[in-house]
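File shown: upload_33.cif (mmCIF, C-alpha atoms).
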data_structure
#
loop_
_atom_site.label_atom_id
_atom_site.label_comp_id
_atom_site.auth_asym_id
_atom_site.auth_seq_id
_atom_site.Cartn_x
_atom_site.Cartn_y
_atom_site.Cartn_z
CA MET A 87 -38.26 178.69 343.83
CA ASP A 88 -36.04 176.31 345.82
CA LEU A 89 -33.15 174.65 343.99
CA SER A 90 -31.23 171.53 344.84
CA PRO A 91 -28.15 172.14 347.05
CA ALA A 92 -25.85 171.45 344.10
CA ALA A 93 -27.73 173.87 341.86
CA ALA A 94 -27.86 176.52 344.58
CA ALA A 95 -24.06 176.33 344.86
CA TYR A 96 -23.63 176.97 341.13
CA PRO A 97 -21.28 179.98 340.71
CA GLY A 98 -23.24 181.72 337.93
CA HIS A 99 -26.78 182.44 336.83
CA LEU A 100 -28.93 179.39 336.14
CA TYR A 101 -31.78 179.38 333.64
CA ILE A 102 -34.66 177.12 334.66
CA HIS A 103 -36.16 175.68 331.50
CA ASP A 104 -39.85 176.55 331.27
CA LEU A 105 -40.57 176.63 327.53
CA SER A 106 -43.65 174.95 326.08
CA PRO A 107 -43.27 172.53 323.16
CA PHE A 108 -46.50 173.95 321.72
CA ILE A 109 -46.98 177.11 319.71
CA VAL A 110 -50.74 176.54 320.03
CA GLN A 111 -52.11 173.73 322.22
CA PHE A 112 -55.54 172.15 321.71
CA THR A 113 -55.39 169.15 324.07
CA GLN A 114 -52.77 167.69 326.40
CA LYS A 115 -50.93 166.04 323.48
CA ILE A 116 -52.34 167.70 320.36
CA GLY A 117 -51.43 171.11 319.03
CA ILE A 118 -49.05 173.00 316.76
CA ARG A 119 -45.57 172.15 318.01
CA TRP A 120 -42.26 173.92 317.59
CA TYR A 121 -40.74 170.62 316.42
CA GLY A 122 -43.12 170.42 313.49
CA MET A 123 -42.50 174.06 312.63
CA ALA A 124 -38.76 173.35 312.62
CA TYR A 125 -39.29 170.71 309.94
CA LEU A 126 -41.44 173.08 307.88
CA ALA A 127 -38.88 175.88 308.20
CA GLY A 128 -36.11 173.50 307.08
CA LEU A 129 -38.14 172.47 304.03
CA ALA A 130 -38.89 176.12 303.22
CA TRP A 131 -35.17 176.92 303.41
CA GLY A 132 -34.38 174.03 301.07
CA PHE A 133 -37.05 175.20 298.63
CA TRP A 134 -35.67 178.74 298.62
CA VAL A 135 -32.05 177.69 298.05
CA LEU A 136 -32.98 175.19 295.34
CA ARG A 137 -35.05 177.77 293.52
CA ARG A 138 -32.07 180.14 293.49
CA TRP A 139 -29.80 177.40 292.18
CA CYS A 140 -32.30 176.32 289.52
CA LEU A 141 -32.80 179.85 288.25
CA ALA A 142 -29.02 180.21 288.02
CA GLY A 143 -28.70 176.93 286.11
CA ARG A 144 -26.77 175.16 288.89
CA ALA A 145 -29.17 172.29 289.69
CA PRO A 146 -30.60 169.50 287.48
CA LEU A 147 -34.19 170.46 288.26
CA ALA A 148 -36.86 172.58 286.69
CA VAL A 149 -38.38 175.16 289.02
CA ALA A 150 -41.70 173.29 288.79
CA GLU A 151 -40.01 170.13 290.16
CA ILE A 152 -38.55 171.70 293.29
CA GLN A 153 -41.65 171.20 295.42
CA ASP A 154 -41.86 167.47 294.66
CA PHE A 155 -38.14 167.03 295.28
CA VAL A 156 -38.16 168.85 298.61
CA LEU A 157 -41.26 166.97 299.75
CA SER A 158 -39.69 163.64 298.74
CA GLY A 159 -36.61 164.38 300.80
CA GLY A 160 -38.63 165.72 303.73
CA LEU A 161 -40.98 162.75 303.80
CA GLY A 162 -38.05 160.36 303.58
CA MET A 163 -36.34 162.17 306.47
CA ILE A 164 -39.44 161.94 308.69
CA ILE A 165 -40.06 158.26 307.92
CA GLY A 166 -36.37 157.39 308.27
CA GLY A 167 -36.03 159.36 311.49
CA ARG A 168 -39.02 157.64 313.08
CA LEU A 169 -38.07 154.14 311.93
CA GLY A 170 -34.48 154.76 312.97
CA TYR A 171 -35.57 155.72 316.47
CA CYS A 172 -37.87 152.72 316.80
CA LEU A 173 -35.26 150.25 315.55
CA LEU A 174 -32.14 151.73 317.16
CA TYR A 175 -33.44 153.18 320.43
CA ALA A 176 -36.90 151.73 321.15
CA TRP A 177 -36.75 148.17 319.83
CA PRO A 178 -38.09 146.55 323.05
CA GLN A 179 -41.06 148.92 323.02
CA MET A 180 -41.64 148.16 319.33
CA LEU A 181 -41.78 144.45 320.06
CA HIS A 182 -44.26 145.02 322.88
CA ASP A 183 -46.35 147.61 321.00
CA PRO A 184 -45.81 147.66 317.19
CA LEU A 185 -48.25 150.57 316.77
CA PHE A 186 -45.80 152.76 318.71
CA VAL A 187 -44.13 153.62 315.40
CA PHE A 188 -47.25 155.53 314.32
CA ARG A 189 -47.71 157.51 317.55
CA LEU A 190 -45.66 160.55 316.60
CA THR A 191 -47.14 162.54 319.49
CA ASP A 192 -45.13 160.31 321.86
CA GLY A 193 -41.93 161.71 320.34
CA GLY A 194 -38.84 159.91 319.13
CA MET A 195 -36.73 160.65 316.04
CA ALA A 196 -33.21 159.43 315.24
CA SER A 197 -30.99 161.76 313.23
CA HIS A 198 -28.95 158.92 311.69
CA GLY A 199 -32.17 157.35 310.43
CA GLY A 200 -33.33 160.72 309.19
CA MET A 201 -30.18 161.12 307.10
CA LEU A 202 -30.67 157.71 305.50
CA GLY A 203 -34.33 158.53 304.86
CA LEU A 204 -33.29 161.80 303.23
CA GLY A 205 -31.08 159.87 300.84
CA ALA A 206 -33.86 157.37 300.16
CA GLY A 207 -36.21 160.22 299.27
CA ALA A 208 -33.68 161.59 296.78
CA LEU A 209 -33.14 158.10 295.35
CA TRP A 210 -36.88 157.65 294.79
CA PHE A 211 -37.22 161.04 293.11
CA ALA A 212 -34.15 160.47 290.91
CA TRP A 213 -35.45 157.06 289.82
CA ARG A 214 -38.82 158.50 288.84
CA ARG A 215 -37.42 161.54 287.01
CA LYS A 216 -34.35 159.84 285.50
CA ARG A 217 -31.83 162.14 287.20
CA SER A 218 -28.40 161.56 288.72
CA VAL A 219 -28.81 160.08 292.20
CA PRO A 220 -25.44 161.32 293.57
CA VAL A 221 -26.10 164.88 292.39
CA LEU A 222 -29.54 165.04 294.00
CA VAL A 223 -28.28 163.52 297.25
CA ASP A 224 -25.47 166.09 297.21
CA ILE A 225 -28.04 168.88 297.03
CA LEU A 226 -29.91 167.53 300.05
CA CYS A 227 -26.68 167.07 302.01
CA ALA A 228 -25.64 170.66 301.28
CA THR A 229 -28.95 172.19 302.39
CA GLY A 230 -30.09 169.64 304.99
CA PRO A 231 -27.99 170.91 307.94
CA MET A 232 -30.34 173.88 308.25
CA GLY A 233 -33.12 171.46 309.17
CA VAL A 234 -30.81 169.70 311.62
CA GLY A 235 -29.95 172.98 313.34
CA LEU A 236 -33.59 174.07 313.57
CA GLY A 237 -34.53 170.63 314.88
CA ARG A 238 -31.97 170.95 317.69
CA ILE A 239 -33.46 174.32 318.64
CA ALA A 240 -36.83 172.56 318.86
CA ASN A 241 -35.23 169.88 321.07
CA PHE A 242 -34.14 172.63 323.45
CA ILE A 243 -37.58 174.23 323.45
CA ASN A 244 -39.11 170.81 324.18
CA GLY A 245 -36.73 170.34 327.11
CA GLU A 246 -35.53 166.98 325.78
CA LEU A 247 -32.15 165.44 324.96
CA TRP A 248 -30.56 167.49 327.73
CA GLY A 249 -26.88 167.40 328.50
CA ARG A 250 -24.75 165.84 331.19
CA GLU A 251 -24.35 167.39 334.62
CA ALA A 252 -22.34 170.61 334.48
CA PHE A 253 -21.39 172.37 337.71
CA SER A 254 -19.17 175.05 336.16
CA ALA A 255 -20.27 175.41 332.52
CA PRO A 256 -21.20 179.07 331.85
CA LEU A 257 -24.34 178.09 329.93
CA ALA A 258 -25.66 175.47 332.36
CA VAL A 259 -29.44 175.03 332.47
CA ILE A 260 -31.86 173.43 334.91
CA PHE A 261 -34.08 170.95 333.04
CA PRO A 262 -36.89 169.95 335.44
CA ALA A 263 -37.89 167.05 333.18
CA SER A 264 -34.48 165.46 333.76
CA VAL A 265 -35.73 164.38 337.19
CA GLU A 266 -38.01 161.34 337.13
CA ALA A 267 -41.19 162.20 339.04
CA SER A 268 -43.48 159.23 338.42
CA SER A 269 -42.90 157.99 341.98
CA LEU A 270 -44.85 160.98 343.29
CA ALA A 271 -48.14 159.56 342.00
CA PRO A 272 -50.16 157.24 344.26
CA ALA A 273 -49.18 153.59 343.94
CA GLY A 274 -51.23 151.60 341.47
CA LEU A 275 -52.03 154.44 339.08
CA SER A 276 -51.28 153.77 335.42
CA GLY A 277 -52.39 154.74 331.95
CA PRO A 278 -54.90 157.60 331.62
CA ALA A 279 -55.44 157.76 335.39
CA PHE A 280 -51.71 158.31 335.97
CA GLU A 281 -51.51 160.97 333.25
CA GLN A 282 -54.54 162.75 334.71
CA TRP A 283 -53.01 162.77 338.21
CA MET A 284 -49.73 164.18 336.89
CA SER A 285 -51.65 166.85 334.97
CA ASP A 286 -53.76 167.82 337.99
CA HIS A 287 -50.64 168.15 340.16
CA ALA A 288 -48.34 169.65 337.50
CA ALA A 289 -47.31 172.65 339.62
CA GLU A 290 -46.34 170.52 342.63
CA VAL A 291 -44.53 168.00 340.41
CA ARG A 292 -42.54 170.75 338.67
CA ALA A 293 -41.54 172.35 341.99
CA TRP A 294 -40.34 168.96 343.24
CA GLN A 295 -38.35 168.36 340.04
CA ILE A 296 -36.69 171.77 340.23
CA ALA A 297 -35.76 171.14 343.86
CA HIS A 298 -33.95 167.95 342.84
CA ALA A 299 -32.54 168.95 339.44
CA LEU A 300 -28.86 169.52 338.70
CA PRO A 301 -27.26 172.04 336.32
CA ARG A 302 -26.75 170.49 332.88
CA HIS A 303 -25.13 171.33 329.57
CA PRO A 304 -27.63 172.69 327.00
CA SER A 305 -26.27 170.08 324.60
CA GLN A 306 -29.13 170.71 322.18
CA LEU A 307 -27.67 174.17 321.49
CA TYR A 308 -24.18 172.76 321.08
CA ALA A 309 -25.63 170.32 318.52
CA MET A 310 -27.50 173.16 316.83
CA PHE A 311 -24.15 174.76 316.01
CA LEU A 312 -21.95 171.69 315.46
CA GLU A 313 -24.39 169.44 313.58
CA GLY A 314 -26.41 172.18 311.93
CA PHE A 315 -25.23 175.69 311.23
CA LEU A 316 -21.47 175.00 311.15
CA LEU A 317 -21.98 172.22 308.60
CA LEU A 318 -24.24 174.50 306.58
CA LEU A 319 -21.55 177.20 306.43
CA ILE A 320 -19.05 174.62 305.16
CA LEU A 321 -21.18 172.56 302.78
CA VAL A 322 -23.14 175.21 300.84
CA PRO A 323 -20.04 176.98 299.43
CA PHE A 324 -18.21 173.65 299.04
CA HIS A 325 -21.03 172.22 296.96
CA ALA A 326 -21.17 175.33 294.77
CA ARG A 327 -17.46 175.01 293.89
CA HIS A 328 -17.32 171.46 292.50
CA ARG A 329 -19.05 169.33 289.88
CA LYS A 330 -18.12 165.86 291.08
CA PRO A 331 -21.25 163.86 291.99
CA GLY A 332 -21.08 162.39 295.49
CA LEU A 333 -18.34 164.66 296.82
CA THR A 334 -20.69 166.76 298.97
CA THR A 335 -22.40 163.64 300.31
CA GLY A 336 -19.11 162.11 301.39
CA LEU A 337 -17.98 165.29 303.14
CA PHE A 338 -21.36 165.66 304.84
CA CYS A 339 -21.25 162.11 306.23
CA MET A 340 -17.75 162.66 307.61
CA LEU A 341 -18.45 166.07 309.13
CA TYR A 342 -21.80 165.07 310.61
CA ALA A 343 -20.28 161.96 312.18
CA ILE A 344 -17.48 164.04 313.74
CA ALA A 345 -19.90 166.69 314.99
CA ARG A 346 -22.30 164.14 316.48
CA TYR A 347 -19.45 162.19 318.06
CA CYS A 348 -18.15 165.34 319.77
CA ASP A 349 -21.59 166.53 320.83
CA GLU A 350 -22.30 163.20 322.54
CA PHE A 351 -19.62 163.96 325.14
CA PHE A 352 -21.90 166.71 326.48
CA ARG A 353 -25.25 164.94 325.98
CA GLU A 354 -26.79 162.72 328.64
CA PRO A 355 -26.62 159.09 327.41
CA ASP A 356 -29.92 157.45 326.56
CA ALA A 357 -31.58 156.05 329.67
CA GLY A 358 -31.60 152.28 329.95
CA TYR A 359 -28.70 151.70 327.56
CA ALA A 360 -25.23 150.72 328.70
CA LEU A 361 -22.24 152.65 327.39
CA PHE A 362 -19.96 150.77 325.01
CA PHE A 363 -16.53 150.17 326.56
CA GLY A 364 -17.80 152.07 329.58
CA TRP A 365 -17.75 155.49 327.89
CA MET A 366 -19.08 155.40 324.29
CA SER A 367 -22.77 156.24 323.76
CA LYS A 368 -25.02 154.68 321.13
CA GLY A 369 -24.96 157.93 319.16
CA GLN A 370 -21.16 157.79 319.03
CA MET A 371 -21.20 154.12 318.06
CA TYR A 372 -23.60 154.79 315.18
CA SER A 373 -21.44 157.71 314.04
CA ILE A 374 -18.43 155.48 313.36
CA PRO A 375 -19.90 153.59 310.36
CA PHE A 376 -21.38 156.90 309.18
CA PHE A 377 -17.85 158.34 309.10
CA VAL A 378 -16.43 155.28 307.31
CA ILE A 379 -19.17 155.45 304.69
CA GLY A 380 -18.38 159.14 304.22
CA ILE A 381 -14.70 158.41 303.59
CA ALA A 382 -15.61 155.74 301.03
CA ILE A 383 -18.05 158.01 299.16
CA PHE A 384 -15.70 161.00 299.22
CA THR A 385 -12.75 158.94 297.95
CA TRP A 386 -14.87 157.39 295.19
CA ALA A 387 -16.19 160.78 294.08
CA ALA A 388 -12.82 162.54 294.24
CA ARG A 389 -11.23 159.97 291.91
CA ARG A 390 -13.88 160.37 289.24
CA PRO A 391 -13.89 163.14 286.62
CA ALA A 392 -16.10 166.18 286.99
CA ARG A 393 -19.52 165.89 285.33
CA PRO A 394 -20.78 169.46 284.87
CA GLU A 395 -23.48 168.29 282.45
CA LEU A 396 -25.25 166.47 285.30
CA TYR A 397 -25.79 169.78 287.11
CA LEU A 398 -27.62 171.49 284.24
CA PRO A 399 -31.39 172.03 284.39
CA PRO A 400 -33.50 169.74 282.18
CA GLN A 401 -33.36 170.55 278.45
CA SER A 402 -30.62 173.12 279.03
CA PRO A 403 -28.04 173.43 276.24
CA PRO A 404 -24.46 172.40 277.07
CA ALA A 405 -22.63 175.15 278.89
CA SER A 406 -19.05 175.75 279.86
CA ALA A 407 -19.95 177.92 282.82
CA GLN A 408 -17.91 177.22 285.88
CA PRO A 409 -19.49 176.64 289.32
CA VAL A 410 -20.12 179.85 291.20
CA ALA A 411 -19.72 180.03 294.96
CA GLY A 412 -22.60 180.92 297.21
CA VAL A 413 -26.34 180.60 297.19
CA ALA A 414 -27.44 183.80 295.47
CA ALA A 415 -28.29 183.70 291.78
CA GLY A 416 -26.07 186.73 291.11
#

Go ahead and express the file in the form of structure tokens.
Amino acid sequence: MDLSPAAAAYPGHLYIHDLSPFIVQFTQKIGIRWYGMAYLAGLAWGFWVLRRWCLAGRAPLAVAEIQDFVLSGGLGMIIGGRLGYCLLYAWPQMLHDPLFVFRLTDGGMASHGGMLGLGAGALWFAWRRKRSVPVLVDILCATGPMGVGLGRIANFINGELWGREAFSAPLAVIFPASVEASSLAPAGLSGPAFEQWMSDHAAEVRAWQIAHALPRHPSQLYAMFLEGFLLLLILVPFHARHRKPGLTTGLFCMLYAIARYCDEFFREPDAGYALFFGWMSKGQMYSIPFFVIGIAIFTWAARRPARPELYLPPQSPPASAQPVAGVAAG
């Protein structure tokens, strides 16, 4: 298949993205998507880790409560992610079409909003069950990066949130969807008629996009490591070694803000939004207060005494056991 002159001159092998966002597709927009499965896998991971911690007496939850806690955090993350996207990245569209917030099949989730929603879910659960809010938020912050990493893999599979142009990066990828192709449709087409035309001519449209696409950073995979799995490797053992409520949350906010800020240098800025100071993206701008909040929470938690009794399961007798590193129950 023909490539653009710039892509053809690329010194290494180029992968042309051709993955489907659907595991099973029923209609043009409805089916079982990889993105949804990423959320489910993240929740399953959280359930598994929490169960291990509860059985080992390292979490203030009964095993029977884990499902409700994980679902509370997951639901809060989904609602927060969607509202965050609509308010931070799609406000003009929200004003024009308020029902856009409910059309999840159109895509659009904001990770910063998802993090706040995750905390809100823990707050709601803690209020209902009379548990320590900082401890429960710490648990979600320690295990949540797995969901972030899996979500970034789903972003790559979907062919969205691609990176900036990269003419020498060893992992450069051709993302056909990065080339706007709506001008190929006959003038005057809109709505369902436009979508039908694009569907009927999908092969020709894709060939045209590939012929005009440029090599780009697979920034979704960079984010998978920086925002997801690297944070997971740091936060899980860190959380297991302390008993100061809020300490894990503060570290998570700082590390996530740094990771997201760095990742944005490789990610294509959001279309239609000007860069702050000519170089800073919206994602980087939103990461700054996230980092400041993290410093404040971490400092507050570090200055307070350890509270090991808040980490005991309900109705457990007082114990002098020290925190044990790792996830396994031993």

Please evaluate the PyMOL selection byres ((chain A and resi 91) around 10) against the structure above and give the resulting residues as JSON, numbers by chain.
{"A": [88, 89, 90, 92, 93, 94, 95, 96, 297, 298, 299, 300]}

Could you spell out the hits of the PyMOL selection byres ((chain A and resi 140) around 12) on the shown file, as a PyMOL selection string?
chain A and resi 132-139+141-152+225+397-400+402+413-415

Given the file above and the PyMOL selection byres ((chain A and resi 208-212) around 8), which residues are selected, and can you give them as a ChimeraX atom specification?
/A:155,158-159,204-207,213-219,222-223,226

Work out where the centre of an axis-aligned box around every listed atom of region 164-180 of chain A lies and how long its edges are once 8 Å is added on each side; give both in Å to one decimal as JSON.
{"center_x": -36.9, "center_y": 154.2, "center_z": 315.5, "size_x": 25.5, "size_y": 31.4, "size_z": 31.1}

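One distance worth recording is that between CA of Ala271 (chain A) and CA of Gln295 (chain A), which is 13.3 Å.
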
Contacts of region 310-411 of chain A with region 249-261 of chain A up to 12 Å, shortest pair per row, only C-alpha atoms, as a tab-separated table:
residue	atom	partner	partner_atom	distance
A:Asp349	CA	A:Gly249	CA	9.4
A:Glu350	CA	A:Gly249	CA	8.6
A:Phe351	CA	A:Arg250	CA	8.2
A:Phe352	CA	A:Gly249	CA	5.4
A:Arg353	CA	A:Gly249	CA	3.9
A:Glu354	CA	A:Arg250	CA	4.5
A:Pro355	CA	A:Arg250	CA	8.0
A:Asp356	CA	A:Gly249	CA	10.6

Restricting the output to C-alpha atoms, write the selected residues as an mmCIF file, in the frame of the given file.
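Listed below is the output, part32.cif:
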data_model
loop_
_atom_site.group_PDB
_atom_site.id
_atom_site.type_symbol
_atom_site.label_atom_id
_atom_site.label_comp_id
_atom_site.auth_asym_id
_atom_site.auth_seq_id
_atom_site.Cartn_x
_atom_site.Cartn_y
_atom_site.Cartn_z
ATOM 1 C CA ASP A 349 -21.590 166.530 320.830
ATOM 2 C CA GLU A 350 -22.300 163.200 322.540
ATOM 3 C CA PHE A 351 -19.620 163.960 325.140
ATOM 4 C CA PHE A 352 -21.900 166.710 326.480
ATOM 5 C CA ARG A 353 -25.250 164.940 325.980
ATOM 6 C CA GLU A 354 -26.790 162.720 328.640
ATOM 7 C CA PRO A 355 -26.620 159.090 327.410
ATOM 8 C CA ASP A 356 -29.920 157.450 326.560
#

Provide region 194-230 of chain A rebuilt to N, CA and C atoms, formatted as a tab-separated table (two decimals), keeping the file's coordinate frame.
chain	number	residue	atom	x	y	z
A	194	GLY	N	-39.83	160.92	319.49
A	194	GLY	CA	-38.84	159.91	319.13
A	194	GLY	C	-38.44	159.97	317.67
A	195	MET	N	-37.30	160.60	317.38
A	195	MET	CA	-36.73	160.65	316.04
A	195	MET	C	-35.22	160.44	316.17
A	196	ALA	N	-34.65	159.68	315.24
A	196	ALA	CA	-33.21	159.43	315.24
A	196	ALA	C	-32.58	160.14	314.05
A	197	SER	N	-31.58	160.97	314.31
A	197	SER	CA	-30.99	161.76	313.23
A	197	SER	C	-30.28	160.88	312.20
A	198	HIS	N	-29.62	159.80	312.65
A	198	HIS	CA	-28.95	158.92	311.69
A	198	HIS	C	-29.97	158.30	310.74
A	199	GLY	N	-31.12	157.88	311.28
A	199	GLY	CA	-32.17	157.35	310.43
A	199	GLY	C	-32.74	158.40	309.51
A	200	GLY	N	-32.84	159.63	310.02
A	200	GLY	CA	-33.33	160.72	309.19
A	200	GLY	C	-32.44	160.99	308.00
A	201	MET	N	-31.11	160.90	308.20
A	201	MET	CA	-30.18	161.12	307.10
A	201	MET	C	-30.34	160.04	306.03
A	202	LEU	N	-30.48	158.79	306.46
A	202	LEU	CA	-30.67	157.71	305.50
A	202	LEU	C	-32.00	157.87	304.77
A	203	GLY	N	-33.04	158.30	305.50
A	203	GLY	CA	-34.33	158.53	304.86
A	203	GLY	C	-34.27	159.66	303.85
A	204	LEU	N	-33.48	160.68	304.16
A	204	LEU	CA	-33.29	161.80	303.23
A	204	LEU	C	-32.70	161.30	301.92
A	205	GLY	N	-31.68	160.44	302.04
A	205	GLY	CA	-31.08	159.87	300.84
A	205	GLY	C	-32.04	158.98	300.08
A	206	ALA	N	-32.87	158.23	300.81
A	206	ALA	CA	-33.86	157.37	300.16
A	206	ALA	C	-34.88	158.20	299.39
A	207	GLY	N	-35.27	159.34	299.96
A	207	GLY	CA	-36.21	160.22	299.27
A	207	GLY	C	-35.62	160.75	297.97
A	208	ALA	N	-34.34	161.12	298.00
A	208	ALA	CA	-33.68	161.59	296.78
A	208	ALA	C	-33.55	160.47	295.76
A	209	LEU	N	-33.26	159.26	296.24
A	209	LEU	CA	-33.14	158.10	295.35
A	209	LEU	C	-34.46	157.83	294.63
A	210	TRP	N	-35.55	157.89	295.37
A	210	TRP	CA	-36.88	157.65	294.79
A	210	TRP	C	-37.21	158.70	293.74
A	211	PHE	N	-36.94	159.96	294.06
A	211	PHE	CA	-37.22	161.04	293.11
A	211	PHE	C	-36.35	160.89	291.86
A	212	ALA	N	-35.06	160.60	292.04
A	212	ALA	CA	-34.15	160.47	290.91
A	212	ALA	C	-34.56	159.31	290.00
A	213	TRP	N	-35.01	158.22	290.61
A	213	TRP	CA	-35.45	157.06	289.82
A	213	TRP	C	-36.67	157.41	288.98
A	214	ARG	N	-37.60	158.14	289.56
A	214	ARG	CA	-38.82	158.50	288.84
A	214	ARG	C	-38.55	159.51	287.73
A	215	ARG	N	-37.65	160.46	287.98
A	215	ARG	CA	-37.42	161.54	287.01
A	215	ARG	C	-36.17	161.31	286.15
A	216	LYS	N	-35.52	160.17	286.31
A	216	LYS	CA	-34.35	159.84	285.50
A	216	LYS	C	-33.24	160.89	285.65
A	217	ARG	N	-32.90	161.18	286.90
A	217	ARG	CA	-31.83	162.14	287.20
A	217	ARG	C	-30.68	161.42	287.91
A	218	SER	N	-29.57	162.12	288.04
A	218	SER	CA	-28.40	161.56	288.72
A	218	SER	C	-28.65	161.48	290.22
A	219	VAL	N	-28.59	160.26	290.76
A	219	VAL	CA	-28.81	160.08	292.20
A	219	VAL	C	-27.75	160.81	293.02
A	220	PRO	N	-26.44	160.63	292.74
A	220	PRO	CA	-25.44	161.32	293.57
A	220	PRO	C	-25.59	162.84	293.58
A	221	VAL	N	-25.96	163.42	292.44
A	221	VAL	CA	-26.10	164.88	292.39
A	221	VAL	C	-27.26	165.34	293.27
A	222	LEU	N	-28.39	164.64	293.20
A	222	LEU	CA	-29.54	165.04	294.00
A	222	LEU	C	-29.29	164.82	295.49
A	223	VAL	N	-28.61	163.74	295.84
A	223	VAL	CA	-28.28	163.52	297.25
A	223	VAL	C	-27.31	164.59	297.73
A	224	ASP	N	-26.38	164.99	296.87
A	224	ASP	CA	-25.47	166.09	297.21
A	224	ASP	C	-26.24	167.36	297.57
A	225	ILE	N	-27.26	167.67	296.79
A	225	ILE	CA	-28.04	168.88	297.03
A	225	ILE	C	-28.70	168.82	298.40
A	226	LEU	N	-29.27	167.67	298.74
A	226	LEU	CA	-29.91	167.53	300.05
A	226	LEU	C	-28.89	167.61	301.18
A	227	CYS	N	-27.71	167.03	300.96
A	227	CYS	CA	-26.68	167.07	302.01
A	227	CYS	C	-26.13	168.48	302.21
A	228	ALA	N	-26.13	169.29	301.15
A	228	ALA	CA	-25.64	170.66	301.28
A	228	ALA	C	-26.63	171.55	302.01
A	229	THR	N	-27.92	171.32	301.79
A	229	THR	CA	-28.95	172.19	302.39
A	229	THR	C	-29.55	171.62	303.66
A	230	GLY	N	-29.45	170.30	303.85
A	230	GLY	CA	-30.09	169.64	304.99
A	230	GLY	C	-29.66	170.09	306.37
